[in-house]
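Q: Below is one structure. I have some questions about it.
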Amino acid sequence: MGRPRLSVVIASTRPGRLGPTVAQWVLGQVPPDVFEVEVLDLADFALPFLDEPREPSEGGYAHEHTRRWSAAIRDTEALLVVMPEYNRGYNAALKNAIDFLYAEWEGLPVACVGYGWYGARYAKAALRQTLERVKMTVVEAPGLEFGTTLVDRQVVPDDALLRELAQTFEDLRAAAARSSRGRSSPAGR
């Protein structure tokens, strides 16, 4: 089996967002010999508020935007979400994107690199509950903190942040190897 596919999701969709900057930095830290990488920008998917007539757990999506989002998630073996913290929570576009799908999440290894005050720890804690509910395998990841590791809209990593992120990639790789979602399995088609 080749390198597992890691999808980096940019969760923020607002104008002037910081997500692409953080995602670009994260992409520069991915060990090139470990993952095949792609970016999934929620702004590009332009998902409306959940508009599927059937429950996501039933599958059988009616809308092309949902089928496109489903295919992108089915084709990945690990996920790294780059997410902002808004008012101690995670953003609505990310929650909406999660709610569009169901079976696609099961067993998928995921890590969340948050950014905000206090390293987005409140948003990451809230998101973890949702990710565990849809049966994703959550891997620990660092947060970027305004004023220390995120200054003037630029990532300013310290040694601890770099070590934590390197460990995140290793843990994602190991979780992907243990997952039944490999490309050869029916769930990873």
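Within each chain, counting starts at residue 1; across the structure tokens, chains are named A, B, ... in the order shown, with ligands numbered 1 upward in that order.
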Applying 9 Å and only C-alpha atoms, which residues near Phe100 (chain A) remain after dropping the ones on its own chain fewer than 2 positions away? List them as a compact mmCIF listing (two decimals) with all heavy atoms, in the first residue's frame.
A:
```
# COMPACT_ATOMS: atom_id res chain seq x y z
N LEU A 47 -21.23 24.62 0.68
CA LEU A 47 -22.38 23.87 1.17
C LEU A 47 -23.42 24.83 1.75
O LEU A 47 -23.08 25.65 2.59
CB LEU A 47 -21.95 22.88 2.26
CG LEU A 47 -21.03 21.75 1.82
CD1 LEU A 47 -20.46 21.02 3.04
CD2 LEU A 47 -21.76 20.78 0.91
N PHE A 49 -26.85 25.59 4.14
CA PHE A 49 -27.25 24.93 5.37
C PHE A 49 -27.90 23.61 4.97
O PHE A 49 -28.55 23.50 3.93
CB PHE A 49 -28.21 25.79 6.19
CG PHE A 49 -27.50 26.84 6.99
CD1 PHE A 49 -27.67 28.17 6.69
CD2 PHE A 49 -26.64 26.48 8.02
CE1 PHE A 49 -26.99 29.13 7.41
CE2 PHE A 49 -25.96 27.43 8.74
CZ PHE A 49 -26.14 28.77 8.43
N LEU A 50 -27.69 22.61 5.79
CA LEU A 50 -28.10 21.24 5.49
C LEU A 50 -29.47 21.22 4.80
O LEU A 50 -30.47 21.63 5.37
CB LEU A 50 -28.12 20.41 6.77
CG LEU A 50 -28.47 18.94 6.63
CD1 LEU A 50 -27.55 18.23 5.66
CD2 LEU A 50 -28.42 18.27 7.99
N ASP A 51 -29.47 20.74 3.57
CA ASP A 51 -30.70 20.76 2.76
C ASP A 51 -31.06 19.40 2.18
O ASP A 51 -31.85 19.32 1.25
CB ASP A 51 -30.57 21.80 1.64
CG ASP A 51 -29.47 21.47 0.65
OD1 ASP A 51 -28.63 20.59 0.93
OD2 ASP A 51 -29.44 22.10 -0.42
N GLU A 52 -30.48 18.35 2.70
CA GLU A 52 -30.82 17.01 2.22
C GLU A 52 -32.17 16.60 2.80
O GLU A 52 -32.40 16.72 4.00
CB GLU A 52 -29.74 16.00 2.63
CG GLU A 52 -28.47 16.09 1.83
CD GLU A 52 -28.65 15.67 0.38
OE1 GLU A 52 -29.51 14.82 0.08
OE2 GLU A 52 -27.92 16.21 -0.46
N GLU A 55 -32.26 11.74 6.09
CA GLU A 55 -31.24 11.75 7.13
C GLU A 55 -29.90 11.35 6.53
O GLU A 55 -29.85 10.41 5.71
CB GLU A 55 -31.60 10.75 8.25
CG GLU A 55 -32.80 11.15 9.06
CD GLU A 55 -32.55 12.38 9.90
OE1 GLU A 55 -31.43 12.56 10.40
OE2 GLU A 55 -33.50 13.17 10.05
N PRO A 56 -28.79 12.00 6.92
CA PRO A 56 -27.49 11.62 6.39
C PRO A 56 -27.15 10.14 6.66
O PRO A 56 -26.47 9.51 5.86
CB PRO A 56 -26.53 12.55 7.12
CG PRO A 56 -27.35 13.74 7.45
CD PRO A 56 -28.73 13.21 7.75
N THR A 66 -23.69 17.70 -1.98
CA THR A 66 -23.50 16.68 -0.95
C THR A 66 -22.72 15.49 -1.51
O THR A 66 -21.82 14.97 -0.84
CB THR A 66 -24.85 16.19 -0.40
OG1 THR A 66 -25.66 17.31 -0.05
CG2 THR A 66 -24.66 15.31 0.82
N TRP A 69 -19.06 16.46 -1.69
CA TRP A 69 -18.45 16.47 -0.35
C TRP A 69 -18.26 15.04 0.15
O TRP A 69 -17.20 14.69 0.67
CB TRP A 69 -19.33 17.30 0.58
CG TRP A 69 -18.93 17.38 2.02
CD1 TRP A 69 -19.72 17.10 3.09
CD2 TRP A 69 -17.66 17.79 2.57
NE1 TRP A 69 -19.03 17.30 4.26
CE2 TRP A 69 -17.76 17.72 3.97
CE3 TRP A 69 -16.45 18.18 2.00
CZ2 TRP A 69 -16.70 18.04 4.81
CZ3 TRP A 69 -15.39 18.50 2.85
CH2 TRP A 69 -15.52 18.43 4.23
N SER A 70 -19.24 14.20 -0.04
CA SER A 70 -19.15 12.80 0.37
C SER A 70 -17.99 12.10 -0.33
O SER A 70 -17.20 11.38 0.31
CB SER A 70 -20.48 12.08 0.03
OG SER A 70 -20.36 10.70 0.26
N LYS A 95 -19.50 22.72 11.45
CA LYS A 95 -20.59 21.90 12.01
C LYS A 95 -21.52 21.46 10.89
O LYS A 95 -21.92 20.29 10.81
CB LYS A 95 -21.35 22.69 13.07
CG LYS A 95 -22.56 21.95 13.65
CD LYS A 95 -22.14 20.73 14.48
CE LYS A 95 -23.27 20.23 15.36
NZ LYS A 95 -24.06 19.17 14.76
N ASN A 96 -21.87 22.38 10.00
CA ASN A 96 -22.75 22.07 8.88
C ASN A 96 -22.13 21.00 7.98
O ASN A 96 -22.80 20.05 7.58
CB ASN A 96 -23.03 23.35 8.10
CG ASN A 96 -24.08 23.18 7.04
OD1 ASN A 96 -25.18 22.74 7.31
ND2 ASN A 96 -23.73 23.55 5.82
N ALA A 97 -20.84 21.13 7.68
CA ALA A 97 -20.16 20.16 6.82
C ALA A 97 -20.15 18.77 7.46
O ALA A 97 -20.32 17.76 6.76
CB ALA A 97 -18.73 20.63 6.53
N ILE A 98 -19.98 18.72 8.76
CA ILE A 98 -20.03 17.43 9.45
C ILE A 98 -21.43 16.84 9.37
O ILE A 98 -21.61 15.66 9.07
CB ILE A 98 -19.58 17.58 10.92
CG1 ILE A 98 -18.10 17.96 11.00
CG2 ILE A 98 -19.87 16.31 11.72
CD1 ILE A 98 -17.65 18.45 12.36
N TYR A 102 -22.61 11.07 7.27
CA TYR A 102 -22.63 10.23 8.46
C TYR A 102 -21.69 9.03 8.30
O TYR A 102 -20.65 8.97 8.92
CB TYR A 102 -24.05 9.77 8.80
CG TYR A 102 -24.08 9.05 10.13
CD1 TYR A 102 -24.02 9.77 11.32
CD2 TYR A 102 -24.14 7.66 10.20
CE1 TYR A 102 -24.02 9.13 12.55
CE2 TYR A 102 -24.14 7.00 11.42
CZ TYR A 102 -24.08 7.74 12.59
OH TYR A 102 -24.06 7.10 13.79
```
Q: Got a sec: who's within 8 Å of Glu104 (chain A), counting only C-alpha atoms, leaving out chain neighbours fewer than 2 positions off, as a list in words?
A: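 Result of the neighbour search: Ser70, Ile73, Arg74, Leu101, Tyr102, Glu106, Leu108 and Ala187 of chain A.
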Q: Would you compute the distance between CA of Pro4 (chain A) and CA of Thr76 (chain A)? Give it in Å to one decimal.
A: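 CA of Thr76 (chain A) lies at a distance of 7.7 Å from CA of Pro4 (chain A).
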Q: Do you have the CA of Ala174 (chain A)-CA of Ala78 (chain A) distance handy?
A: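 If I compute the distance from CA of Ala174 (chain A) to CA of Ala78 (chain A), I get 10.0 Å.
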Q: Would you mind telling me which residue in A:Glu140, A:Asp75, A:Glu170, A:Glu85 lies nearest to Tyr115 (chain A) when using only C-alpha atoms?
A: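 Among the listed residues, the smallest separation from Tyr115 (chain A) belongs to A:Glu85.
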Q: Quick one: pick out all alpha helix (DSSP H) residues within region 63-168 of chain A from a backbone DSSP run and write them as an MDAnalysis selection string.
A: chainID A and resid 64:74 92:99 121:133 159:168
Q: Smallest atom-to-atom distance to Glu164 (chain A): which of A:Ala176, A:Ala71, A:Gln29, A:Tyr122, using only C-alpha atoms?
A: A:Gln29
Q: From the set A:Arg17, A:Arg173, A:Arg121, A:Arg153, which residue has the shortest atom-to-atom contact distance to Pro109 (chain A), counting only C-alpha atoms?
A: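 The closest residue to Pro109 (chain A) is A:Arg173.
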Q: How would you write, as a ChimeraX atom specification, the set of residues in chain A that DSSP gives as strand (DSSP E or B)?
A: /A:5-10,36-41,78-86,89-90,109-116,137-139,143-146,150-151,154-155
